[in-house]
$ cat upload.cif   # mmCIF, C-alpha atoms
data_start
#
loop_
_atom_site.group_PDB
_atom_site.id
_atom_site.type_symbol
_atom_site.label_atom_id
_atom_site.label_comp_id
_atom_site.auth_asym_id
_atom_site.auth_seq_id
_atom_site.Cartn_x
_atom_site.Cartn_y
_atom_site.Cartn_z
ATOM 1 C CA MET Q 1 0.000 0.000 0.000
ATOM 2 C CA GLU Q 2 1.445 3.326 -1.063
ATOM 3 C CA GLU Q 3 1.159 5.821 1.758
ATOM 4 C CA MET Q 4 0.361 9.446 1.034
ATOM 5 C CA ASN Q 5 0.385 12.618 3.059
ATOM 6 C CA LEU Q 6 -1.934 12.333 6.068
ATOM 7 C CA ARG Q 7 -3.637 15.617 5.188
ATOM 8 C CA ASN Q 8 -4.554 14.132 1.807
ATOM 9 C CA TYR Q 9 -6.112 11.107 3.485
ATOM 10 C CA ALA Q 10 -8.070 13.447 5.755
ATOM 11 C CA TYR Q 11 -9.123 15.565 2.769
ATOM 12 C CA ILE Q 12 -10.595 12.612 0.886
ATOM 13 C CA GLY Q 13 -11.934 11.116 4.132
ATOM 14 C CA ASP Q 14 -13.879 14.307 4.832
ATOM 15 C CA ALA Q 15 -15.596 14.053 1.453
ATOM 16 C CA VAL Q 16 -16.305 10.324 1.802
ATOM 17 C CA TRP Q 17 -17.766 10.810 5.282
ATOM 18 C CA GLU Q 18 -19.966 13.685 4.089
ATOM 19 C CA ILE Q 19 -21.337 11.542 1.239
ATOM 20 C CA PHE Q 20 -21.908 8.604 3.617
ATOM 21 C CA ILE Q 21 -23.917 10.803 5.992
ATOM 22 C CA ARG Q 22 -25.847 12.521 3.198
ATOM 23 C CA GLU Q 23 -26.745 9.147 1.699
ATOM 24 C CA LYS Q 24 -28.228 8.147 5.059
ATOM 25 C CA THR Q 25 -30.015 11.427 5.794
ATOM 26 C CA VAL Q 26 -31.821 11.714 2.453
ATOM 27 C CA LYS Q 27 -33.661 8.533 3.398
ATOM 28 C CA LEU Q 28 -34.910 10.131 6.622
ATOM 29 C CA THR Q 29 -36.710 13.240 5.388
ATOM 30 C CA ASN Q 30 -37.537 15.438 2.393
ATOM 31 C CA ASN Q 31 -37.315 18.618 4.455
ATOM 32 C CA SER Q 32 -34.147 20.500 3.480
ATOM 33 C CA THR Q 33 -33.847 22.220 6.857
ATOM 34 C CA LYS Q 34 -33.997 18.881 8.671
ATOM 35 C CA LEU Q 35 -31.551 17.350 6.180
ATOM 36 C CA HIS Q 36 -29.049 20.118 6.864
ATOM 37 C CA LYS Q 37 -29.496 19.873 10.635
ATOM 38 C CA ILE Q 38 -29.038 16.081 10.712
ATOM 39 C CA THR Q 39 -26.079 16.195 8.329
ATOM 40 C CA THR Q 40 -24.195 18.946 10.147
ATOM 41 C CA ALA Q 41 -24.723 17.169 13.475
ATOM 42 C CA ASN Q 42 -23.030 14.063 12.067
ATOM 43 C CA VAL Q 43 -20.113 15.687 10.244
ATOM 44 C CA LYS Q 44 -18.993 18.177 12.918
ATOM 45 C CA ALA Q 45 -15.613 17.716 14.582
ATOM 46 C CA SER Q 46 -16.975 16.890 18.032
ATOM 47 C CA PHE Q 47 -19.087 14.041 16.675
ATOM 48 C CA GLN Q 48 -16.263 12.653 14.547
ATOM 49 C CA ALA Q 49 -14.031 12.708 17.648
ATOM 50 C CA GLU Q 50 -16.699 10.743 19.509
ATOM 51 C CA LEU Q 51 -16.939 8.194 16.691
ATOM 52 C CA LEU Q 52 -13.172 7.741 16.656
ATOM 53 C CA HIS Q 53 -13.349 6.901 20.353
ATOM 54 C CA HIS Q 54 -15.930 4.183 19.612
ATOM 55 C CA LEU Q 55 -13.818 2.780 16.762
ATOM 56 C CA GLU Q 56 -10.616 2.528 18.818
ATOM 57 C CA ASP Q 57 -11.273 -1.064 19.931
ATOM 58 C CA ILE Q 58 -11.525 -2.352 16.366
ATOM 59 C CA LEU Q 59 -8.426 -0.590 14.997
ATOM 60 C CA THR Q 60 -5.311 -2.481 13.985
ATOM 61 C CA ASP Q 61 -1.902 -1.391 15.255
ATOM 62 C CA LYS Q 62 -1.162 0.234 11.890
ATOM 63 C CA GLU Q 63 -4.467 2.145 12.014
ATOM 64 C CA LYS Q 64 -3.727 3.256 15.585
ATOM 65 C CA ASP Q 65 -0.377 4.554 14.368
ATOM 66 C CA ILE Q 66 -2.105 6.523 11.576
ATOM 67 C CA VAL Q 67 -4.521 7.977 14.166
ATOM 68 C CA ARG Q 68 -1.642 8.956 16.449
ATOM 69 C CA ARG Q 69 0.263 10.625 13.637
ATOM 70 C CA ALA Q 70 -2.824 12.418 12.267
ATOM 71 C CA ARG Q 71 -3.711 13.651 15.753
ATOM 72 C CA ASN Q 72 -0.328 15.338 15.944
ATOM 73 C CA LEU Q 73 -0.581 17.324 12.703
ATOM 74 C CA PRO Q 74 -0.315 21.109 13.090
ATOM 75 C CA ILE Q 75 -3.667 22.831 13.596
ATOM 76 C CA PRO Q 76 -4.848 25.853 11.539
ATOM 77 C CA ALA Q 77 -4.988 29.004 13.674
ATOM 78 C CA GLY Q 78 -8.774 29.311 13.335
ATOM 79 C CA ARG Q 79 -9.307 25.847 14.867
ATOM 80 C CA ARG Q 80 -7.128 26.263 17.941
ATOM 81 C CA ARG Q 81 -10.003 26.890 20.348
ATOM 82 C CA ILE Q 82 -11.331 23.387 19.662
ATOM 83 C CA GLN Q 83 -7.897 21.857 19.208
ATOM 84 C CA THR Q 84 -8.530 18.452 20.802
ATOM 85 C CA GLU Q 85 -11.753 17.841 18.879
ATOM 86 C CA TYR Q 86 -10.241 19.080 15.634
ATOM 87 C CA ARG Q 87 -7.205 16.812 15.994
ATOM 88 C CA LEU Q 88 -9.385 13.757 16.683
ATOM 89 C CA ALA Q 89 -11.736 14.620 13.808
ATOM 90 C CA THR Q 90 -8.732 14.915 11.486
ATOM 91 C CA ALA Q 91 -7.555 11.487 12.645
ATOM 92 C CA PHE Q 92 -11.060 10.074 12.014
ATOM 93 C CA GLU Q 93 -11.166 11.567 8.503
ATOM 94 C CA CYS Q 94 -7.662 10.257 7.856
ATOM 95 C CA LEU Q 95 -8.809 6.710 8.638
ATOM 96 C CA ILE Q 96 -11.857 7.082 6.400
ATOM 97 C CA GLY Q 97 -9.633 8.333 3.566
ATOM 98 C CA LEU Q 98 -7.088 5.560 4.074
ATOM 99 C CA TRP Q 99 -9.796 2.902 3.994
ATOM 100 C CA PHE Q 100 -11.528 4.486 1.000
ATOM 101 C CA LEU Q 101 -8.336 4.481 -1.043
ATOM 102 C CA HIS Q 102 -6.809 1.201 0.105
ATOM 103 C CA ASP Q 103 -9.305 -1.065 1.866
ATOM 104 C CA LYS Q 104 -12.972 -0.775 0.855
ATOM 105 C CA LYS Q 105 -13.886 -3.846 2.947
ATOM 106 C CA ARG Q 106 -12.482 -2.174 6.045
ATOM 107 C CA LEU Q 107 -14.330 1.041 5.170
ATOM 108 C CA ASP Q 108 -17.597 -0.897 4.791
ATOM 109 C CA TYR Q 109 -16.994 -2.642 8.112
ATOM 110 C CA ALA Q 110 -16.310 0.666 9.898
ATOM 111 C CA CYS Q 111 -19.302 2.377 8.250
ATOM 112 C CA ASN Q 112 -21.577 -0.502 9.305
ATOM 113 C CA PHE Q 113 -20.166 -0.262 12.816
ATOM 114 C CA VAL Q 114 -20.844 3.490 12.869
ATOM 115 C CA GLU Q 115 -24.259 3.075 11.215
ATOM 116 C CA ASN Q 116 -25.321 0.797 14.066
ATOM 117 C CA TYR Q 117 -24.067 3.406 16.525
ATOM 118 C CA LEU Q 118 -25.994 6.159 14.707
ATOM 119 C CA ASN Q 119 -29.181 4.086 14.482
ATOM 120 C CA PHE Q 120 -29.846 5.094 10.867
#

$ encode --input "upload.cif" --output "structure tokens"
Amino acid sequence: MEEMNLRNYAYIGDAVWEIFIREKTVKLTNNSTKLHKITTANVKASFQAELLHHLEDILTDKEKDIVRRARNLPIPAGRRRIQTEYRLATAFECLIGLWFLHDKKRLDYACNFVENYLNF
């Protein structure tokens, strides 16, 4: 597996996670205000940090290493007030991006795990 920059994994992971959540929310309601509210609640940094905590027990050693390294990336100045959440959310998105690019089965497993947690 060719490894890329962790920020690139997080970048693609952010998009994949957003699509995953939107795919689930469009099945819940036709109301655009409700769609936006549900989606933003599930893609915000604090919620992603919470999900990462729930995924920790199923992570391999290599995935834990990716999380550790992603958590330690420098933080943009505008995000410093929520630094811990932002770092954990970046690590979560990094995992999603890694799985999307290199291990679709693992991504499906993690998404099913999260889906059960979300009760979609």

$ closest_residue --input "upload.cif" --among "Q:Arg22, Q:Lys34, Q:Arg106, Q:Arg87" --to "Gln48 of chain Q" --atoms "all atoms listed in the file"
Q:Arg87

$ resolve_selection --input "upload.cif" --expression "the PyMOL selection byres ((chain Q and resi 89-102) around 7)" --output "ChimeraX atom specification"
/Q:1,6,9-10,12-14,45,48-49,52,67,70-71,85-88,103-104,106-107

$ write_last_selection --input "upload.cif" --atoms "C-alpha atoms" --output "PDB file, keeping the file's coordinate frame"
ATOM      1  CA  MET Q   1       0.000   0.000   0.000  1.00  0.00           C
ATOM      2  CA  LEU Q   6      -1.934  12.333   6.068  1.00  0.00           C
ATOM      3  CA  TYR Q   9      -6.112  11.107   3.485  1.00  0.00           C
ATOM      4  CA  ALA Q  10      -8.070  13.447   5.755  1.00  0.00           C
ATOM      5  CA  ILE Q  12     -10.595  12.612   0.886  1.00  0.00           C
ATOM      6  CA  GLY Q  13     -11.934  11.116   4.132  1.00  0.00           C
ATOM      7  CA  ASP Q  14     -13.879  14.307   4.832  1.00  0.00           C
ATOM      8  CA  ALA Q  45     -15.613  17.716  14.582  1.00  0.00           C
ATOM      9  CA  GLN Q  48     -16.263  12.653  14.547  1.00  0.00           C
ATOM     10  CA  ALA Q  49     -14.031  12.708  17.648  1.00  0.00           C
ATOM     11  CA  LEU Q  52     -13.172   7.741  16.656  1.00  0.00           C
ATOM     12  CA  VAL Q  67      -4.521   7.977  14.166  1.00  0.00           C
ATOM     13  CA  ALA Q  70      -2.824  12.418  12.267  1.00  0.00           C
ATOM     14  CA  ARG Q  71      -3.711  13.651  15.753  1.00  0.00           C
ATOM     15  CA  GLU Q  85     -11.753  17.841  18.879  1.00  0.00           C
ATOM     16  CA  TYR Q  86     -10.241  19.080  15.634  1.00  0.00           C
ATOM     17  CA  ARG Q  87      -7.205  16.812  15.994  1.00  0.00           C
ATOM     18  CA  LEU Q  88      -9.385  13.757  16.683  1.00  0.00           C
ATOM     19  CA  ASP Q 103      -9.305  -1.065   1.866  1.00  0.00           C
ATOM     20  CA  LYS Q 104     -12.972  -0.775   0.855  1.00  0.00           C
ATOM     21  CA  ARG Q 106     -12.482  -2.174   6.045  1.00  0.00           C
ATOM     22  CA  LEU Q 107     -14.330   1.041   5.170  1.00  0.00           C
TER      23      LEU Q 107
END

$ closest_residue --input "upload.cif" --among "Q:Ile66, Q:Val43, Q:Ile38, Q:Leu28" --to "Ala15 of chain Q" --atoms "all atoms listed in the file"
Q:Val43

$ atom_distance --input "upload.cif" --atom1 "atom CA of Gln83 of chain Q" --atom2 "atom CA of Tyr11 of chain Q"
17.6 Å

$ atom_distance --input "upload.cif" --atom1 "atom CA of Glu63 of chain Q" --atom2 "atom CA of Thr25 of chain Q"
27.9 Å

$ atom_distance --input "upload.cif" --atom1 "atom CA of Trp17 of chain Q" --atom2 "atom CA of Pro74 of chain Q"
21.7 Å

$ residues_around --input "upload.cif" --residues "Val26 of chain Q" --least-positions-apart "3" --cutoff "12 Å" --atoms "only C-alpha atoms" --output "MDAnalysis selection string"
chainID Q and resid 19:23 29:39 120

$ residues_around --input "upload.cif" --residues "segment 114-116 of chain Q" --least-positions-apart "4" --cutoff "9 Å" --atoms "all atoms listed in the file" --output "list of chain:residue names"
Q:Lys24, Q:Leu51, Q:His54, Q:Leu55, Q:Tyr109, Q:Ala110, Q:Phe120

$ closest_residue --input "upload.cif" --among "Q:Pro76, Q:Met4, Q:Leu118, Q:Glu18" --to "Lys44 of chain Q" --atoms "all atoms listed in the file"
Q:Glu18

$ closest_residue --input "upload.cif" --among "Q:Arg7, Q:Phe47, Q:Ala41, Q:Asp61" --to "Ile75 of chain Q" --atoms "only C-alpha atoms"
Q:Arg7
